[in-house]
>>> print(open('protein.cif').read())   # mmCIF, C-alpha atoms
data_target
loop_
_atom_site.group_PDB
_atom_site.id
_atom_site.type_symbol
_atom_site.label_atom_id
_atom_site.label_comp_id
_atom_site.auth_asym_id
_atom_site.auth_seq_id
_atom_site.Cartn_x
_atom_site.Cartn_y
_atom_site.Cartn_z
ATOM 1 C CA ARG T 1 211.725 -126.041 -34.280
ATOM 2 C CA ALA T 2 210.017 -122.685 -33.816
ATOM 3 C CA CYS T 3 208.625 -122.957 -37.321
ATOM 4 C CA ARG T 4 206.955 -126.282 -36.572
ATOM 5 C CA ASP T 5 205.377 -124.970 -33.382
ATOM 6 C CA ARG T 6 202.695 -122.740 -34.902
ATOM 7 C CA SER T 7 201.146 -121.878 -31.567
ATOM 8 C CA ALA T 8 204.318 -120.807 -29.730
ATOM 9 C CA GLY T 9 203.759 -117.348 -28.320
ATOM 10 C CA GLY T 10 200.639 -116.953 -30.447
ATOM 11 C CA ALA T 11 202.768 -115.718 -33.349
ATOM 12 C CA SER T 12 201.206 -115.485 -36.753
ATOM 13 C CA GLU T 13 202.502 -117.531 -39.658
ATOM 14 C CA ARG T 14 204.068 -114.515 -41.275
ATOM 15 C CA GLY T 15 205.850 -113.411 -38.108
ATOM 16 C CA THR T 16 206.975 -116.975 -37.394
ATOM 17 C CA LEU T 17 208.456 -117.391 -40.829
ATOM 18 C CA GLY T 18 210.316 -114.101 -40.507
ATOM 19 C CA THR T 19 211.634 -115.108 -37.090
ATOM 20 C CA CYS T 20 212.824 -118.468 -38.419
ATOM 21 C CA LEU T 21 214.836 -116.644 -41.054
ATOM 22 C CA GLY T 22 216.471 -114.555 -38.346
ATOM 23 C CA ILE T 23 214.981 -111.359 -39.719
ATOM 24 C CA GLY T 24 211.849 -110.845 -37.637
ATOM 25 C CA ARG T 25 211.385 -109.535 -34.150
ATOM 26 C CA GLY T 26 213.844 -112.053 -32.800
ATOM 27 C CA ALA T 27 216.706 -110.649 -34.888
ATOM 28 C CA PRO T 28 219.557 -108.868 -33.105
ATOM 29 C CA ALA T 29 218.965 -105.232 -32.357
ATOM 30 C CA THR T 30 222.013 -104.229 -34.394
ATOM 31 C CA MET T 31 220.263 -105.337 -37.599
ATOM 32 C CA ASP T 32 217.739 -102.495 -37.182
ATOM 33 C CA CYS T 33 220.496 -99.985 -37.851
ATOM 34 C CA ASN T 34 220.225 -98.943 -41.490
ATOM 35 C CA VAL T 35 222.768 -96.513 -42.864
ATOM 36 C CA PHE T 36 220.444 -95.892 -45.824
ATOM 37 C CA GLN T 37 217.943 -94.176 -43.523
ATOM 38 C CA PHE T 38 219.866 -90.979 -44.192
ATOM 39 C CA CYS T 39 218.778 -91.285 -47.843
ATOM 40 C CA LYS T 40 215.325 -90.167 -46.694
ATOM 41 C CA CYS T 41 216.752 -86.666 -46.671
ATOM 42 C CA LEU T 42 216.567 -86.837 -50.472
ATOM 43 C CA LYS T 43 212.784 -86.414 -50.135
ATOM 44 C CA LEU T 44 213.476 -82.779 -49.314
ATOM 45 C CA LEU T 45 214.775 -82.315 -52.859
ATOM 46 C CA GLY T 46 211.409 -83.302 -54.348
ATOM 47 C CA ASN T 47 209.864 -80.003 -55.444
ATOM 48 C CA VAL T 48 213.305 -78.461 -55.907
ATOM 49 C CA MET T 49 214.268 -81.049 -58.550
ATOM 50 C CA ILE T 50 211.003 -80.469 -60.413
ATOM 51 C CA LEU T 51 211.687 -76.735 -60.466
ATOM 52 C CA ILE T 52 215.238 -77.390 -61.692
ATOM 53 C CA VAL T 53 213.950 -79.498 -64.607
ATOM 54 C CA LEU T 54 211.391 -76.846 -65.547
ATOM 55 C CA GLY T 55 214.078 -74.176 -65.223
ATOM 56 C CA LEU T 56 216.393 -76.072 -67.583
ATOM 57 C CA VAL T 57 213.584 -76.307 -70.149
ATOM 58 C CA GLY T 58 213.021 -72.571 -69.778
ATOM 59 C CA LEU T 59 216.747 -71.931 -70.155
ATOM 60 C CA SER T 60 216.621 -73.581 -73.584
ATOM 61 C CA TYR T 61 213.259 -72.102 -74.543
ATOM 62 C CA TYR T 62 214.363 -68.492 -74.217
ATOM 63 C CA PRO T 63 217.319 -68.469 -76.638
ATOM 64 C CA VAL T 64 215.913 -70.975 -79.152
ATOM 65 C CA ILE T 65 212.304 -69.760 -79.411
ATOM 66 C CA ILE T 66 212.112 -66.231 -78.011
ATOM 67 C CA SER T 67 215.539 -64.895 -78.951
ATOM 68 C CA VAL T 68 216.426 -66.560 -82.273
ATOM 69 C CA TYR T 69 213.852 -68.608 -84.167
ATOM 70 C CA GLY T 70 210.664 -66.922 -82.973
ATOM 71 C CA PRO T 71 211.612 -63.538 -84.433
ATOM 72 C CA GLU T 72 212.893 -65.216 -87.609
ATOM 73 C CA LEU T 73 209.571 -67.005 -88.041
ATOM 74 C CA ILE T 74 207.714 -63.687 -87.800
ATOM 75 C CA SER T 75 209.948 -61.178 -89.546
ATOM 76 C CA ALA T 76 212.374 -63.079 -91.790
ATOM 77 C CA SER T 77 212.306 -61.941 -95.401
ATOM 78 C CA SER T 78 213.489 -65.243 -96.857
ATOM 79 C CA SER T 79 210.953 -68.069 -97.196
ATOM 80 C CA ALA T 80 213.720 -70.622 -96.612
ATOM 81 C CA THR T 81 214.626 -68.959 -93.314
ATOM 82 C CA LYS T 82 210.987 -68.946 -92.280
ATOM 83 C CA ALA T 83 210.659 -72.634 -93.164
ATOM 84 C CA VAL T 84 213.699 -73.562 -91.066
ATOM 85 C CA ALA T 85 212.419 -71.444 -88.172
ATOM 86 C CA PHE T 86 208.995 -73.099 -88.412
ATOM 87 C CA ILE T 87 210.524 -76.605 -88.309
ATOM 88 C CA VAL T 88 212.708 -75.736 -85.303
ATOM 89 C CA VAL T 89 209.824 -74.127 -83.384
ATOM 90 C CA LEU T 90 207.500 -77.039 -84.173
ATOM 91 C CA LEU T 91 210.021 -79.742 -83.236
ATOM 92 C CA PHE T 92 210.963 -77.957 -80.020
ATOM 93 C CA HIS T 93 207.358 -77.664 -78.825
ATOM 94 C CA VAL T 94 206.385 -81.223 -79.773
ATOM 95 C CA VAL T 95 209.442 -82.843 -78.176
ATOM 96 C CA ALA T 96 209.250 -80.588 -75.105
ATOM 97 C CA PHE T 97 205.575 -81.501 -74.661
ATOM 98 C CA LEU T 98 206.330 -85.240 -74.898
ATOM 99 C CA MET T 99 209.269 -84.856 -72.537
ATOM 100 C CA LEU T 100 207.243 -83.049 -69.883
ATOM 101 C CA TRP T 101 204.346 -85.484 -70.331
ATOM 102 C CA SER T 102 206.693 -88.431 -69.771
ATOM 103 C CA TYR T 103 208.354 -86.642 -66.872
ATOM 104 C CA PHE T 104 205.161 -85.984 -64.913
ATOM 105 C CA ALA T 105 203.778 -89.427 -65.793
ATOM 106 C CA CYS T 106 206.884 -90.940 -64.213
ATOM 107 C CA ILE T 107 206.494 -88.718 -61.149
ATOM 108 C CA LEU T 108 202.775 -89.302 -60.589
ATOM 109 C CA THR T 109 202.641 -93.045 -61.369
ATOM 110 C CA ASP T 110 203.130 -95.479 -58.508
ATOM 111 C CA PRO T 111 206.130 -97.623 -59.498
ATOM 112 C CA GLY T 112 204.523 -100.811 -58.193
ATOM 113 C CA ARG T 113 203.215 -101.682 -54.747
ATOM 114 C CA VAL T 114 203.565 -105.162 -53.244
ATOM 115 C CA PRO T 115 200.135 -106.630 -52.362
ATOM 116 C CA GLU T 116 199.479 -106.610 -48.623
ATOM 117 C CA ASP T 117 198.539 -110.303 -48.544
ATOM 118 C CA PHE T 118 201.425 -111.539 -50.677
ATOM 119 C CA GLN T 119 202.881 -114.902 -49.655
ATOM 120 C CA PRO T 120 205.402 -116.989 -51.611
ATOM 121 C CA SER T 121 203.916 -119.901 -53.497
ATOM 122 C CA GLY T 122 205.072 -123.459 -52.962
ATOM 123 C CA ASP T 123 205.853 -125.528 -49.883
ATOM 124 C CA LEU T 124 207.105 -122.944 -47.383
ATOM 125 C CA ASP T 125 207.783 -125.535 -44.701
ATOM 126 C CA GLY T 126 209.943 -127.530 -47.126
ATOM 127 C CA GLU T 127 211.831 -124.418 -48.129
ATOM 128 C CA LEU T 128 212.376 -123.373 -44.537
ATOM 129 C CA GLN T 129 213.843 -126.762 -43.643
ATOM 130 C CA SER T 130 216.537 -126.465 -46.320
ATOM 131 C CA ALA T 131 219.678 -124.419 -45.772
ATOM 132 C CA ASN T 132 218.456 -122.748 -42.580
ATOM 133 C CA GLY T 133 215.189 -121.460 -43.982
ATOM 134 C CA MET T 134 216.121 -120.584 -47.548
ATOM 135 C CA PRO T 135 216.020 -122.588 -50.778
ATOM 136 C CA GLU T 136 219.174 -124.496 -51.561
ATOM 137 C CA ASP T 137 219.868 -122.503 -54.728
ATOM 138 C CA LYS T 138 220.504 -119.061 -53.277
ATOM 139 C CA SER T 139 221.577 -117.687 -56.646
ATOM 140 C CA ASP T 140 218.079 -118.101 -58.073
ATOM 141 C CA PRO T 141 216.420 -114.632 -58.150
ATOM 142 C CA ARG T 142 213.011 -116.351 -58.001
ATOM 143 C CA ARG T 143 213.620 -117.614 -54.463
ATOM 144 C CA PRO T 144 211.351 -116.388 -51.625
ATOM 145 C CA ARG T 145 212.786 -113.371 -49.828
ATOM 146 C CA PHE T 146 211.741 -111.613 -46.644
ATOM 147 C CA CYS T 147 212.056 -107.834 -46.188
ATOM 148 C CA ARG T 148 213.511 -106.937 -42.802
ATOM 149 C CA LYS T 149 212.174 -103.387 -42.948
ATOM 150 C CA CYS T 150 208.617 -104.096 -44.101
ATOM 151 C CA GLN T 151 208.477 -107.355 -42.096
ATOM 152 C CA LYS T 152 206.776 -108.972 -45.081
ATOM 153 C CA TRP T 153 207.568 -111.390 -47.853
ATOM 154 C CA LYS T 154 208.477 -109.634 -51.090
ATOM 155 C CA PRO T 155 207.968 -110.975 -54.615
ATOM 156 C CA GLU T 156 210.808 -111.857 -56.917
ATOM 157 C CA ARG T 157 212.564 -108.869 -58.456
ATOM 158 C CA ALA T 158 211.112 -106.571 -55.776
ATOM 159 C CA HIS T 159 213.484 -104.523 -53.621
ATOM 160 C CA HIS T 160 213.132 -102.242 -50.626
ATOM 161 C CA CYS T 161 213.627 -98.523 -51.236
ATOM 162 C CA SER T 162 215.040 -96.735 -48.200
ATOM 163 C CA ILE T 163 213.816 -93.380 -49.520
ATOM 164 C CA CYS T 164 210.217 -94.435 -50.226
ATOM 165 C CA GLY T 165 210.188 -96.674 -47.135
ATOM 166 C CA ARG T 166 208.595 -99.674 -48.877
ATOM 167 C CA CYS T 167 209.257 -102.478 -51.335
ATOM 168 C CA VAL T 168 208.835 -101.718 -55.037
ATOM 169 C CA LEU T 169 207.934 -104.252 -57.725
ATOM 170 C CA ARG T 170 210.751 -104.812 -60.220
ATOM 171 C CA MET T 171 212.615 -101.854 -58.789
ATOM 172 C CA ASP T 172 215.252 -100.366 -61.066
ATOM 173 C CA HIS T 173 216.477 -97.480 -58.902
ATOM 174 C CA HIS T 174 215.288 -94.407 -57.029
ATOM 175 C CA CYS T 175 215.725 -91.343 -59.208
ATOM 176 C CA VAL T 176 216.007 -87.939 -57.541
ATOM 177 C CA TRP T 177 215.180 -86.230 -60.848
ATOM 178 C CA VAL T 178 211.712 -87.787 -60.996
ATOM 179 C CA VAL T 179 211.265 -87.721 -57.190
ATOM 180 C CA ASN T 180 210.117 -91.325 -57.327
ATOM 181 C CA CYS T 181 211.246 -94.897 -57.615
ATOM 182 C CA VAL T 182 211.530 -96.334 -61.097
ATOM 183 C CA GLY T 183 209.785 -99.702 -61.109
ATOM 184 C CA GLU T 184 207.357 -101.922 -62.960
ATOM 185 C CA LYS T 185 204.586 -99.367 -63.489
ATOM 186 C CA ASN T 186 206.614 -96.309 -64.572
ATOM 187 C CA TYR T 187 209.791 -97.711 -66.159
ATOM 188 C CA LYS T 188 208.446 -97.031 -69.669
ATOM 189 C CA PHE T 189 207.743 -93.418 -68.729
ATOM 190 C CA PHE T 190 211.266 -93.040 -67.356
ATOM 191 C CA ILE T 191 212.836 -94.355 -70.573
ATOM 192 C CA LEU T 192 210.690 -92.026 -72.676
ATOM 193 C CA PHE T 193 211.687 -89.131 -70.423
ATOM 194 C CA LEU T 194 215.359 -89.928 -71.096
ATOM 195 C CA LEU T 195 214.779 -90.237 -74.850
ATOM 196 C CA TYR T 196 212.793 -87.028 -75.274
ATOM 197 C CA THR T 197 215.166 -85.054 -73.045
ATOM 198 C CA PHE T 198 218.067 -86.302 -75.167
ATOM 199 C CA PHE T 199 216.293 -85.311 -78.408
ATOM 200 C CA LEU T 200 215.352 -81.915 -76.976
ATOM 201 C CA CYS T 201 218.979 -81.252 -76.038
ATOM 202 C CA LEU T 202 220.114 -82.228 -79.549
ATOM 203 C CA ILE T 203 217.518 -79.935 -81.127
ATOM 204 C CA CYS T 204 218.719 -77.018 -79.015
ATOM 205 C CA CYS T 205 222.389 -77.691 -79.770
ATOM 206 C CA PHE T 206 221.872 -77.926 -83.532
ATOM 207 C CA ALA T 207 219.520 -74.953 -83.506
ATOM 208 C CA LEU T 208 221.996 -72.708 -81.674
ATOM 209 C CA LEU T 209 225.100 -73.892 -83.534
ATOM 210 C CA PRO T 210 224.559 -71.680 -86.634
ATOM 211 C CA PHE T 211 223.925 -68.742 -84.312
ATOM 212 C CA PHE T 212 227.335 -69.199 -82.672
ATOM 213 C CA MET T 213 229.053 -69.768 -86.011
ATOM 214 C CA LYS T 214 227.755 -66.410 -87.226
ATOM 215 C CA PHE T 215 228.731 -64.729 -83.975
ATOM 216 C CA PHE T 216 232.333 -65.960 -83.926
ATOM 217 C CA SER T 217 232.765 -65.154 -87.614
ATOM 218 C CA GLY T 218 231.641 -61.556 -86.977
ATOM 219 C CA ARG T 219 228.539 -61.858 -89.187
ATOM 220 C CA SER T 220 226.012 -61.500 -86.378
ATOM 221 C CA ASP T 221 224.634 -58.549 -84.426
ATOM 222 C CA ALA T 222 224.242 -60.673 -81.278
ATOM 223 C CA ASP T 223 226.560 -58.338 -79.391
ATOM 224 C CA LYS T 224 223.719 -55.819 -79.385
ATOM 225 C CA ASN T 225 221.820 -58.155 -77.041
ATOM 226 C CA PRO T 226 224.356 -59.346 -74.434
ATOM 227 C CA ALA T 227 221.652 -60.937 -72.237
ATOM 228 C CA GLY T 228 220.397 -63.071 -75.116
ATOM 229 C CA LEU T 229 223.964 -64.023 -76.001
ATOM 230 C CA ALA T 230 224.667 -65.101 -72.412
ATOM 231 C CA PHE T 231 221.484 -67.211 -72.238
ATOM 232 C CA SER T 232 222.272 -68.782 -75.600
ATOM 233 C CA PHE T 233 225.796 -69.693 -74.532
ATOM 234 C CA MET T 234 224.629 -71.219 -71.221
ATOM 235 C CA ALA T 235 221.836 -73.129 -72.928
ATOM 236 C CA PHE T 236 224.233 -74.548 -75.517
ATOM 237 C CA ILE T 237 226.726 -75.708 -72.865
ATOM 238 C CA PHE T 238 224.054 -77.240 -70.632
ATOM 239 C CA ASP T 239 222.272 -78.968 -73.519
ATOM 240 C CA LEU T 240 225.519 -80.394 -74.874
ATOM 241 C CA ALA T 241 226.534 -81.703 -71.442
ATOM 242 C CA PHE T 242 223.111 -83.258 -70.814
ATOM 243 C CA ALA T 243 223.020 -84.826 -74.282
ATOM 244 C CA LEU T 244 226.383 -86.525 -73.759
ATOM 245 C CA SER T 245 225.469 -87.820 -70.298
ATOM 246 C CA LEU T 246 221.990 -88.964 -71.351
ATOM 247 C CA PHE T 247 223.434 -90.847 -74.294
ATOM 248 C CA GLY T 248 225.339 -93.098 -71.872
ATOM 249 C CA PHE T 249 222.199 -93.720 -69.796
ATOM 250 C CA ILE T 250 220.137 -94.526 -72.886
ATOM 251 C CA VAL T 251 222.728 -97.019 -74.140
ATOM 252 C CA MET T 252 222.859 -98.697 -70.727
ATOM 253 C CA HIS T 253 219.072 -98.989 -70.384
ATOM 254 C CA THR T 254 218.752 -100.211 -73.972
ATOM 255 C CA ARG T 255 221.024 -103.108 -73.088
ATOM 256 C CA LEU T 256 219.045 -103.751 -69.894
ATOM 257 C CA ILE T 257 215.725 -103.790 -71.750
ATOM 258 C CA SER T 258 217.081 -106.153 -74.400
ATOM 259 C CA ALA T 259 218.060 -108.596 -71.641
ATOM 260 C CA ASN T 260 214.970 -108.018 -69.426
ATOM 261 C CA CYS T 261 217.143 -106.835 -66.568
ATOM 262 C CA THR T 262 217.117 -103.923 -64.118
ATOM 263 C CA THR T 263 219.942 -101.747 -62.885
ATOM 264 C CA ILE T 264 219.914 -103.612 -59.554
ATOM 265 C CA GLU T 265 219.880 -106.991 -61.283
ATOM 266 C CA MET T 266 222.654 -106.021 -63.684
ATOM 267 C CA PHE T 267 225.322 -107.476 -61.408
ATOM 268 C CA GLU T 268 223.296 -110.606 -60.593
ATOM 269 C CA LYS T 269 222.837 -111.324 -64.289
ATOM 270 C CA GLU T 270 226.586 -111.687 -64.775
ATOM 271 C CA ARG T 271 226.656 -114.455 -62.150
ATOM 272 C CA ILE T 272 223.475 -116.303 -63.171
ATOM 273 C CA LYS T 273 223.537 -118.076 -66.532
ATOM 274 C CA PRO T 274 221.111 -118.274 -68.205
ATOM 275 C CA TRP T 275 219.164 -115.270 -66.960
ATOM 276 C CA PRO T 276 215.683 -116.687 -66.140
ATOM 277 C CA TYR T 277 213.730 -113.605 -67.272
ATOM 278 C CA ASP T 278 215.256 -113.253 -70.741
ATOM 279 C CA CYS T 279 212.511 -114.079 -73.277
ATOM 280 C CA GLY T 280 214.198 -112.773 -76.403
ATOM 281 C CA MET T 281 214.798 -109.199 -77.504
ATOM 282 C CA ARG T 282 211.343 -108.533 -78.983
ATOM 283 C CA LYS T 283 209.367 -109.968 -76.043
ATOM 284 C CA ASN T 284 211.624 -108.159 -73.591
ATOM 285 C CA PHE T 285 210.951 -104.903 -75.440
ATOM 286 C CA GLU T 286 207.194 -105.515 -75.449
ATOM 287 C CA GLU T 287 207.182 -106.160 -71.699
ATOM 288 C CA VAL T 288 208.248 -102.544 -71.262
ATOM 289 C CA PHE T 289 206.596 -100.737 -74.186
ATOM 290 C CA GLY T 290 203.664 -103.035 -74.933
ATOM 291 C CA SER T 291 202.582 -104.785 -78.100
ATOM 292 C CA ASN T 292 200.799 -101.786 -79.664
ATOM 293 C CA ALA T 293 203.397 -100.054 -81.842
ATOM 294 C CA PHE T 294 201.277 -96.866 -82.039
ATOM 295 C CA LEU T 295 201.668 -96.376 -78.277
ATOM 296 C CA TRP T 296 205.341 -97.281 -77.935
ATOM 297 C CA PHE T 297 206.503 -93.679 -77.789
ATOM 298 C CA LEU T 298 203.614 -92.249 -75.793
ATOM 299 C CA PRO T 299 203.743 -92.203 -71.962
ATOM 300 C CA VAL T 300 200.626 -94.330 -71.557
ATOM 301 C CA HIS T 301 200.141 -97.958 -70.621
ATOM 302 C CA SER T 302 199.193 -100.266 -73.460
ATOM 303 C CA LEU T 303 198.099 -103.871 -73.755
ATOM 304 C CA GLY T 304 200.947 -106.194 -72.883
ATOM 305 C CA SER T 305 203.080 -103.471 -71.311
ATOM 306 C CA SER T 306 203.241 -105.215 -67.930
ATOM 307 C CA MET T 307 206.838 -105.976 -67.098
ATOM 308 C CA CYS T 308 205.905 -109.350 -65.614
ATOM 309 C CA ARG T 309 205.277 -112.351 -67.841
ATOM 310 C CA SER T 310 202.056 -114.336 -67.379
ATOM 311 C CA GLU T 311 203.734 -117.167 -65.492
ATOM 312 C CA GLU T 312 205.659 -114.671 -63.384
ATOM 313 C CA ARG T 313 202.477 -112.826 -62.446
ATOM 314 C CA ARG T 314 200.865 -116.153 -61.592
ATOM 315 C CA ARG T 315 203.626 -116.817 -59.077
ATOM 316 C CA LEU T 316 203.280 -113.273 -57.688
ATOM 317 C CA ARG T 317 199.465 -113.465 -57.739
ATOM 318 C CA ILE T 318 199.243 -109.786 -58.753
#
>>> encode(input="protein.cif", output="structure tokens")
Amino acid sequence: RACRDRSAGGASERGTLGTCLGIGRGAPATMDCNVFQFCKCLKLLGNVMILIVLGLVGLSYYPVIISVYGPELISASSSATKAVAFIVVLLFHVVAFLMLWSYFACILTDPGRVPEDFQPSGDLDGELQSANGMPEDKSDPRRPRFCRKCQKWKPERAHHCSICGRCVLRMDHHCVWVVNCVGEKNYKFFILFLLYTFFLCLICCFALLPFFMKFFSGRSDADKNPAGLAFSFMAFIFDLAFALSLFGFIVMHTRLISANCTTIEMFEKERIKPWPYDCGMRKNFEEVFGSNAFLWFLPVHSLGSSMCRSEERRRLRI
């Protein structure tokens, strides 16, 4: 009844719709209590996490480049040893550069902001009259949804981040390592950051493995440099642990990309058959990485890399 009376209390259409759903100003006061507000404390970790990432890169750089392969590249008598050292040094710098480029691109790119004037398309009055203000099929992820915190309608696949304090388009999760939400605009950069970090860890592990084999067999003079030995051992352990953990994340996100699904939607997808956003493996991949194969593994946006299909963007009007 309140929805039909547009002039009651002078409320705007947006406020009236939110009130009719029981999530506007007329909602009970207890609904304003959000236990996730304590997650905002994670913002304090912002610069600290960036320093930790840079410190971990430095921890690997010292033993691999400065302690082992750098000196071999300069002073080794064997041409084969120099060639191996050159390959290791080159691969380390290239992969580390791509990893840091992807990392800061993910940090500095807005994950996707909901337009201020967004309103769901279709007959809102008809939708509000069904099932107490919501569409009859509540399992459909394309249904109109209202954000209690932002007091605004949010597009399909958008979710509210309690840490950022706003809704994010096609939100995957909030990552403390990148000090940002992972969403529509920076998901590709996040995946590339995972991939290049994984490859960098593998390079360091394989590069340091012969060094440890010589040391434990007694054929190395590493005991003359105990500081370098300690750094090498810590770097090897850290890189091995990160490589194993990142491998699980990469496998999980590969499956999500192939199904055009996010981490948040992963549980919804198991209940909704067929998944409405699945366009086939190749099209799902191109929605993330774009259609230009030369730019797939560079942290830049390319043509066709929008994670919303044309008809989906038409509904969102973004």
>>> resolve_selection(input="protein.cif", expression="the PyMOL selection byres ((chain T and resi 164) around 9)", output="JSON, numbers by chain")
{"T": [40, 43, 160, 161, 162, 163, 165, 166, 167, 168, 174, 180, 181]}
>>> atom_distance(input="protein.cif", atom1="CA of Ala96 (chain T)", atom2="CA of Phe236 (chain T)")
16.2 Å
>>> axis_aligned_box(input="protein.cif", around="region 143-146 of chain T", padding_each_side="6 Å", output="AutoDock Vina command-line options")
--center_x 212.5 --center_y -114.6 --center_z -50.6 --size_x 14.3 --size_y 18.0 --size_z 19.8
>>> atom_distance(input="protein.cif", atom1="CA of Ala158 (chain T)", atom2="CA of Asn284 (chain T)")
17.9 Å
>>> closest_residue(input="protein.cif", among="T:Leu54, T:Val182, T:Ala207, T:Leu244", to="Gly70 (chain T)", atoms="only C-alpha atoms")
T:Ala207
